[in-house]
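I have placed the structure first, in the form of structure tokens, so that the comments after it can refer back to it.
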Amino acid sequence: MTSFAPAVRNHRRTALALVLCGGLTVALAACGTEEDPDKGTNGVAKLSAAEIDKKARAAADAASAVRLSGTLVSKGGTYRLDMKLNAKGGMGSVTSKKQSFALLRVEDELFLKAPAEFWTHEGSGGGGGGGTADVAAADKLGGKYVKVPEGDPSYRQLRGFTDKKVLLDGLLALHGKLNKGGRDTVAGQRTIQILGGKGEGGAFDVSLEEKPYPVRVARAGGGGTVSLADWGQAFPLEAPEKDDTVDYGGQLPKSSG
């Protein structure tokens with residue numbers, strides 16, 4: 001009598017081997033299809049920290065426009081910025097602990113717009129007079145675009161808030177050895193962070209989508225955090241109407257700000 005038992009056992013072994021091999025194949029396939037973190041990105045995350053820094057700065061310099069919003073902390077105080085900038089100038093608002101005012105610059109013409117109380121300064125009038133002259137000057141200037149003379153001591157400082165190159169050079173300056181930080185998502189964009197030292201020298205996040213623009217900056221020493229957006233988006237920039245402008249002369253009056 002012929003026995004078929006060995007054949008059955010062999011069949012079972014073959015089936016088991018196929019199951020094991022199939023499971024191994026699926027496992028290997030799963031490992032092979034693990035998502036690449038750089039898939040769909042601009043690829044800059046693969047570069048060194050110095051190379052990413054260089055590309056981010058180049059992209060920022062080449063952009064025709066940008067919007068900055070956030071806080072700057074300096075010895076002079078804390079300022080809240082919301083500025084749109086391009087190669088010809090900028091427009092937006094600056095808010096300090098005491099005051100808030102609007103700035104508008106077209107080429108070299110710089111204008112400041114603030115409420116009447118901004119121009120009120122105890123003990124000093126608009127033309128050097130007393131309190132009555134002070135109130136009169138404030139009423140005249142309040143709510144108007146006041147042209148800031150280039151010879152006025154405040155011109156250079158105020159212009160700096162409207163200068164794309166000046167602001168970006170200052171914001172993106174990191175101190176210490178450059179290092180790569182972690183990945184994040186900022187305003188819906190995947191990013192890679194560049195650090196000055198371990199972060200004590202400042203840091204900024206670089207977009208991994210399309211162009212490698214800086215999208216968020218943390219300044220060294222608790223100097224504030226600023227978001228950068230609307231890269232390359234044009235905006236209208238024109239001098240204010242003459243009826244809405246006051247040319248005070250060679251030097252602005254003192255102000256409470």
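In the structure tokens, chains take letters A, B, ... by order of appearance, with residues numbered from 1 within each chain and ligands from 1 in the order shown.
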Check which residues of range 144-210 of chain A sit at most 9 Å from range 220-224 of chain A using only C-alpha atoms, and return one row each with the closest pair of atoms and their distance in Å to one decimal, ordered by chain and rising number, as a tab-separated table.
```
residue	atom	partner	partner_atom	distance
A:Leu174	CA	A:Ala220	CA	7.5
A:His175	CA	A:Ala220	CA	7.7
A:Gly196	CA	A:Ala220	CA	8.2
A:Gly199	CA	A:Ala220	CA	7.5
A:Glu200	CA	A:Ala220	CA	5.7
A:Gly201	CA	A:Ala220	CA	4.8
A:Gly202	CA	A:Ala220	CA	3.9
A:Ala203	CA	A:Ala220	CA	7.4
```
Could you save those same residues with all heavy atoms as a PDB file, in the first residue's frame?
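Writing the result to out_35.pdb gives the following:
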```
ATOM      1  N   LEU A 174      22.843  85.934  12.129  1.00  0.00           N
ATOM      2  CA  LEU A 174      22.989  84.954  13.207  1.00  0.00           C
ATOM      3  C   LEU A 174      24.395  85.041  13.778  1.00  0.00           C
ATOM      4  O   LEU A 174      25.356  85.307  13.056  1.00  0.00           O
ATOM      5  CB  LEU A 174      22.730  83.540  12.668  1.00  0.00           C
ATOM      6  CG  LEU A 174      21.342  83.296  12.065  1.00  0.00           C
ATOM      7  CD1 LEU A 174      21.229  81.857  11.580  1.00  0.00           C
ATOM      8  CD2 LEU A 174      20.245  83.606  13.069  1.00  0.00           C
ATOM      9  N   HIS A 175      24.530  84.806  15.070  1.00  0.00           N
ATOM     10  CA  HIS A 175      25.818  84.910  15.747  1.00  0.00           C
ATOM     11  C   HIS A 175      26.289  83.532  16.197  1.00  0.00           C
ATOM     12  O   HIS A 175      25.523  82.748  16.744  1.00  0.00           O
ATOM     13  CB  HIS A 175      25.702  85.854  16.942  1.00  0.00           C
ATOM     14  CG  HIS A 175      25.118  87.197  16.600  1.00  0.00           C
ATOM     15  ND1 HIS A 175      25.812  88.154  15.897  1.00  0.00           N
ATOM     16  CD2 HIS A 175      23.882  87.729  16.830  1.00  0.00           C
ATOM     17  CE1 HIS A 175      25.054  89.225  15.726  1.00  0.00           C
ATOM     18  NE2 HIS A 175      23.874  88.981  16.285  1.00  0.00           N
ATOM     19  N   GLY A 196      22.048  79.993  15.154  1.00  0.00           N
ATOM     20  CA  GLY A 196      23.327  80.583  15.513  1.00  0.00           C
ATOM     21  C   GLY A 196      23.757  79.927  16.809  1.00  0.00           C
ATOM     22  O   GLY A 196      23.125  80.126  17.839  1.00  0.00           O
ATOM     23  N   GLY A 199      21.147  78.232  19.194  1.00  0.00           N
ATOM     24  CA  GLY A 199      19.945  79.052  19.186  1.00  0.00           C
ATOM     25  C   GLY A 199      20.118  80.339  19.943  1.00  0.00           C
ATOM     26  O   GLY A 199      19.337  81.282  19.761  1.00  0.00           O
ATOM     27  N   GLU A 200      21.149  80.391  20.798  1.00  0.00           N
ATOM     28  CA  GLU A 200      21.380  81.616  21.562  1.00  0.00           C
ATOM     29  C   GLU A 200      21.823  82.769  20.665  1.00  0.00           C
ATOM     30  O   GLU A 200      21.705  83.942  21.027  1.00  0.00           O
ATOM     31  CB  GLU A 200      22.425  81.380  22.665  1.00  0.00           C
ATOM     32  CG  GLU A 200      23.852  81.192  22.174  1.00  0.00           C
ATOM     33  CD  GLU A 200      24.152  79.783  21.678  1.00  0.00           C
ATOM     34  OE1 GLU A 200      23.243  78.934  21.665  1.00  0.00           O
ATOM     35  OE2 GLU A 200      25.318  79.540  21.297  1.00  0.00           O
ATOM     36  N   GLY A 201      22.330  82.424  19.473  1.00  0.00           N
ATOM     37  CA  GLY A 201      22.751  83.456  18.516  1.00  0.00           C
ATOM     38  C   GLY A 201      21.687  83.788  17.491  1.00  0.00           C
ATOM     39  O   GLY A 201      21.971  84.404  16.466  1.00  0.00           O
ATOM     40  N   GLY A 202      20.436  83.417  17.796  1.00  0.00           N
ATOM     41  CA  GLY A 202      19.341  83.679  16.873  1.00  0.00           C
ATOM     42  C   GLY A 202      19.018  82.456  16.033  1.00  0.00           C
ATOM     43  O   GLY A 202      19.780  81.481  16.000  1.00  0.00           O
ATOM     44  N   ALA A 203      17.894  82.495  15.351  1.00  0.00           N
ATOM     45  CA  ALA A 203      17.478  81.379  14.503  1.00  0.00           C
ATOM     46  C   ALA A 203      16.443  81.865  13.503  1.00  0.00           C
ATOM     47  O   ALA A 203      15.749  82.852  13.749  1.00  0.00           O
ATOM     48  CB  ALA A 203      16.887  80.252  15.352  1.00  0.00           C
TER      49      ALA A 203
END
```
At a cut-off of 12 Å, can you tabulate as JSON lines every residue of range 116-217 of chain A near range 96-99 of chain A together with its closest atom pair and the distance in Å to one decimal, using only C-alpha atoms and ordering rows by chain then number?
```
{"residue": "A:Ala116", "atom": "CA", "partner": "A:Gln99", "partner_atom": "CA", "distance": 11.0}
{"residue": "A:Glu117", "atom": "CA", "partner": "A:Gln99", "partner_atom": "CA", "distance": 8.9}
{"residue": "A:Phe118", "atom": "CA", "partner": "A:Gln99", "partner_atom": "CA", "distance": 6.7}
{"residue": "A:Trp119", "atom": "CA", "partner": "A:Gln99", "partner_atom": "CA", "distance": 10.3}
{"residue": "A:Thr120", "atom": "CA", "partner": "A:Gln99", "partner_atom": "CA", "distance": 11.5}
```
Restrict the selected residues to N, CA and C atoms and save them as an mmCIF file, in the first residue's frame.
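Dumped everything to again_11.cif:
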```
data_model
loop_
_atom_site.group_PDB
_atom_site.id
_atom_site.type_symbol
_atom_site.label_atom_id
_atom_site.label_comp_id
_atom_site.auth_asym_id
_atom_site.auth_seq_id
_atom_site.Cartn_x
_atom_site.Cartn_y
_atom_site.Cartn_z
ATOM 1 N N ALA A 116 -3.121 113.199 17.055
ATOM 2 C CA ALA A 116 -2.686 114.481 17.608
ATOM 3 C C ALA A 116 -1.887 114.322 18.890
ATOM 4 N N GLU A 117 -2.279 113.368 19.761
ATOM 5 C CA GLU A 117 -1.578 113.218 21.033
ATOM 6 C C GLU A 117 -0.121 112.793 20.861
ATOM 7 N N PHE A 118 0.200 112.208 19.722
ATOM 8 C CA PHE A 118 1.587 111.832 19.455
ATOM 9 C C PHE A 118 2.486 113.074 19.434
ATOM 10 N N TRP A 119 1.939 114.167 18.931
ATOM 11 C CA TRP A 119 2.721 115.388 18.758
ATOM 12 C C TRP A 119 2.683 116.298 19.980
ATOM 13 N N THR A 120 1.951 115.923 21.005
ATOM 14 C CA THR A 120 1.858 116.735 22.213
ATOM 15 C C THR A 120 3.059 116.457 23.105
#
```
Q: Would you please give, as an MDAnalysis selection string, all residues of range 178-234 of chain A that DSSP assigns to strand (DSSP E) based on the backbone?
A: chainID A and resid 178:186 189:196 203:207 214:218 225:229
Q: Name the residues in contact with Asp244 in chain A at a cut-off of 8 Å, using only C-alpha atoms, excluding same-chain residues fewer than 3 positions from it; report them as a PyMOL selection string.
A: chain A and resi 144-145+240-241
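Counting only C-alpha atoms, Thr185 in chain A has the following residues at most 12 Å away, ignoring those fewer than 5 positions along the same chain: A:Arg190, A:Thr191, A:Ile192, A:Gln193, A:Asp205, A:Val206, A:Ser207, A:Leu208, A:Glu209, A:Val215, A:Arg216.
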12 Å contact set for Lys46 in chain A, only C-alpha atoms, chain neighbours under 4 positions out, as a short mmCIF file (atom, residue, chain, number, x, y, z; two decimals) with N, CA and C atoms, in the first residue's frame:
```
data_model
loop_
_atom_site.label_atom_id
_atom_site.label_comp_id
_atom_site.auth_asym_id
_atom_site.auth_seq_id
_atom_site.Cartn_x
_atom_site.Cartn_y
_atom_site.Cartn_z
N ASP A 36 9.90 59.63 2.11
CA ASP A 36 11.10 60.46 2.15
C ASP A 36 10.70 61.84 2.69
N PRO A 37 11.30 62.31 3.77
CA PRO A 37 10.92 63.62 4.34
C PRO A 37 11.17 64.79 3.39
N ASP A 38 12.04 64.59 2.39
CA ASP A 38 12.34 65.66 1.45
C ASP A 38 11.54 65.55 0.15
N LYS A 39 10.66 64.53 0.08
CA LYS A 39 9.84 64.37 -1.12
C LYS A 39 8.91 65.57 -1.29
N THR A 41 9.80 68.64 -1.67
CA THR A 41 10.37 69.88 -1.16
C THR A 41 11.36 70.46 -2.17
N ASN A 42 11.92 71.61 -1.83
CA ASN A 42 12.93 72.22 -2.71
C ASN A 42 14.32 71.62 -2.49
N ALA A 50 25.38 76.26 6.45
CA ALA A 50 25.93 77.42 5.76
C ALA A 50 25.33 77.57 4.36
N GLU A 51 25.13 76.46 3.68
CA GLU A 51 24.56 76.50 2.33
C GLU A 51 23.09 76.92 2.37
N ILE A 52 22.36 76.44 3.36
CA ILE A 52 20.95 76.84 3.50
C ILE A 52 20.86 78.33 3.80
N LYS A 180 22.17 73.29 11.84
CA LYS A 180 20.82 72.97 11.39
C LYS A 180 19.97 72.57 12.60
N ARG A 183 12.94 70.30 11.92
CA ARG A 183 11.93 70.62 10.92
C ARG A 183 10.67 71.06 11.64
N ILE A 192 12.87 74.15 7.60
CA ILE A 192 14.06 73.68 8.30
C ILE A 192 14.65 74.89 9.02
N LEU A 208 10.73 74.96 2.92
CA LEU A 208 11.15 73.83 2.10
C LEU A 208 10.25 73.67 0.88
#
```
Q: Find the residues around range 58-71 of chain A up to 9 Å (only C-alpha atoms counted), leave out those fewer than 3 positions away in its own chain, and share them as an MDAnalysis selection string.
A: chainID A and resid 53:55 78:87 164:165 168 211:214 223:235
Output the selection as a PDB file, in the first residue's frame - C-alpha atoms for each residue.
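Below is the file out10.pdb, written as the result:
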```
ATOM      1  CA  ASP A  53      21.754  80.209   5.074  1.00  0.00           C
ATOM      2  CA  LYS A  54      23.316  81.404   1.814  1.00  0.00           C
ATOM      3  CA  LYS A  55      20.370  80.270  -0.303  1.00  0.00           C
ATOM      4  CA  THR A  78       9.854  97.033  22.221  1.00  0.00           C
ATOM      5  CA  TYR A  79       8.302  97.733  18.841  1.00  0.00           C
ATOM      6  CA  ARG A  80       5.482  95.933  17.093  1.00  0.00           C
ATOM      7  CA  LEU A  81       5.968  96.024  13.320  1.00  0.00           C
ATOM      8  CA  ASP A  82       3.601  95.393  10.458  1.00  0.00           C
ATOM      9  CA  MET A  83       5.393  96.565   7.320  1.00  0.00           C
ATOM     10  CA  LYS A  84       5.242  95.899   3.589  1.00  0.00           C
ATOM     11  CA  LEU A  85       8.558  96.533   1.888  1.00  0.00           C
ATOM     12  CA  ASN A  86       9.983  96.645  -1.617  1.00  0.00           C
ATOM     13  CA  ALA A  87      13.010  98.123  -3.359  1.00  0.00           C
ATOM     14  CA  LYS A 164      13.912  96.100   3.029  1.00  0.00           C
ATOM     15  CA  LYS A 165      17.662  95.506   2.889  1.00  0.00           C
ATOM     16  CA  LEU A 168      16.426  91.829   6.459  1.00  0.00           C
ATOM     17  CA  LYS A 211      11.822  79.080  -3.041  1.00  0.00           C
ATOM     18  CA  PRO A 212      13.798  78.861   0.241  1.00  0.00           C
ATOM     19  CA  TYR A 213      12.509  82.077   1.774  1.00  0.00           C
ATOM     20  CA  PRO A 214      12.980  82.795   5.482  1.00  0.00           C
ATOM     21  CA  GLY A 223      15.275  90.345  20.651  1.00  0.00           C
ATOM     22  CA  GLY A 224      11.838  89.513  19.315  1.00  0.00           C
ATOM     23  CA  THR A 225      10.150  87.222  16.814  1.00  0.00           C
ATOM     24  CA  VAL A 226       9.173  88.292  13.310  1.00  0.00           C
ATOM     25  CA  SER A 227       7.185  86.511  10.600  1.00  0.00           C
ATOM     26  CA  LEU A 228       8.050  87.065   6.937  1.00  0.00           C
ATOM     27  CA  ALA A 229       5.390  86.457   4.309  1.00  0.00           C
ATOM     28  CA  ASP A 230       3.968  87.582   0.962  1.00  0.00           C
ATOM     29  CA  TRP A 231       7.358  87.232  -0.708  1.00  0.00           C
ATOM     30  CA  GLY A 232       7.303  88.780  -4.181  1.00  0.00           C
ATOM     31  CA  GLN A 233       3.715  90.012  -3.880  1.00  0.00           C
ATOM     32  CA  ALA A 234       3.444  93.523  -5.315  1.00  0.00           C
ATOM     33  CA  PHE A 235       1.566  96.247  -3.462  1.00  0.00           C
TER      34      PHE A 235
END
```
Q | Exercise: range 148-159 of chain A partners within 12 Å, only C-alpha atoms, chain neighbours under 5 positions left out, as a PyMOL selection string | A | chain A and resi 76+83+85+88-94+101-113+141+164-167+245-255+257
(Q) I'd like to know which of A:Val44, A:Val146, A:Val217, A:Ala49 is closest to Asn179 in chain A, using only C-alpha atoms. (A) A:Ala49
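When DSSP is run on the backbone, the residues of range 151-199 of chain A that fall into helix (DSSP H, G or I) are Tyr155, Arg156, Gln157, Leu158, Arg159, Gly160, Lys164, Lys165, Val166, Leu167, Leu168, Asp169, Gly170 and Leu171 of chain A.
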Please produce a file of those selected residues containing N, CA, C and O atoms, as an mmCIF file, in the first residue's frame.
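Saved to result29.cif:
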```cif
data_model
loop_
_atom_site.group_PDB
_atom_site.id
_atom_site.type_symbol
_atom_site.label_atom_id
_atom_site.label_comp_id
_atom_site.auth_asym_id
_atom_site.auth_seq_id
_atom_site.Cartn_x
_atom_site.Cartn_y
_atom_site.Cartn_z
ATOM 1 N N TYR A 155 15.078 110.975 11.073
ATOM 2 C CA TYR A 155 14.882 110.483 9.701
ATOM 3 C C TYR A 155 15.543 109.125 9.478
ATOM 4 O O TYR A 155 14.909 108.185 8.972
ATOM 5 N N ARG A 156 16.788 109.002 9.863
ATOM 6 C CA ARG A 156 17.524 107.765 9.603
ATOM 7 C C ARG A 156 16.909 106.575 10.350
ATOM 8 O O ARG A 156 16.750 105.489 9.794
ATOM 9 N N GLN A 157 16.546 106.797 11.610
ATOM 10 C CA GLN A 157 15.963 105.714 12.398
ATOM 11 C C GLN A 157 14.620 105.268 11.828
ATOM 12 O O GLN A 157 14.357 104.075 11.667
ATOM 13 N N LEU A 158 13.757 106.243 11.519
ATOM 14 C CA LEU A 158 12.443 105.917 10.982
ATOM 15 C C LEU A 158 12.555 105.283 9.590
ATOM 16 O O LEU A 158 11.802 104.360 9.267
ATOM 17 N N ARG A 159 13.479 105.753 8.795
ATOM 18 C CA ARG A 159 13.664 105.183 7.461
ATOM 19 C C ARG A 159 14.055 103.710 7.556
ATOM 20 O O ARG A 159 13.658 102.898 6.714
ATOM 21 N N GLY A 160 14.821 103.369 8.589
ATOM 22 C CA GLY A 160 15.258 101.985 8.753
ATOM 23 C C GLY A 160 14.106 101.008 8.850
ATOM 24 O O GLY A 160 14.206 99.857 8.419
ATOM 25 N N LYS A 164 13.901 97.556 3.142
ATOM 26 C CA LYS A 164 13.912 96.100 3.029
ATOM 27 C C LYS A 164 15.291 95.518 3.311
ATOM 28 O O LYS A 164 15.437 94.573 4.096
ATOM 29 N N LYS A 165 16.309 96.050 2.714
ATOM 30 C CA LYS A 165 17.662 95.506 2.889
ATOM 31 C C LYS A 165 18.146 95.672 4.322
ATOM 32 O O LYS A 165 18.691 94.734 4.918
ATOM 33 N N VAL A 166 17.949 96.858 4.887
ATOM 34 C CA VAL A 166 18.399 97.121 6.257
ATOM 35 C C VAL A 166 17.722 96.179 7.243
ATOM 36 O O VAL A 166 18.372 95.567 8.104
ATOM 37 N N LEU A 167 16.406 96.048 7.136
ATOM 38 C CA LEU A 167 15.674 95.200 8.071
ATOM 39 C C LEU A 167 16.046 93.730 7.913
ATOM 40 O O LEU A 167 16.273 93.025 8.898
ATOM 41 N N LEU A 168 16.117 93.244 6.673
ATOM 42 C CA LEU A 168 16.426 91.829 6.459
ATOM 43 C C LEU A 168 17.856 91.498 6.873
ATOM 44 O O LEU A 168 18.109 90.442 7.464
ATOM 45 N N ASP A 169 18.794 92.381 6.572
ATOM 46 C CA ASP A 169 20.182 92.138 6.979
ATOM 47 C C ASP A 169 20.281 92.024 8.490
ATOM 48 O O ASP A 169 21.021 91.187 9.025
ATOM 49 N N GLY A 170 19.532 92.872 9.189
ATOM 50 C CA GLY A 170 19.559 92.817 10.640
ATOM 51 C C GLY A 170 18.853 91.598 11.203
ATOM 52 O O GLY A 170 19.362 90.935 12.103
ATOM 53 N N LEU A 171 17.704 91.267 10.631
ATOM 54 C CA LEU A 171 16.924 90.138 11.139
ATOM 55 C C LEU A 171 17.607 88.805 10.906
ATOM 56 O O LEU A 171 17.552 87.904 11.752
#
```
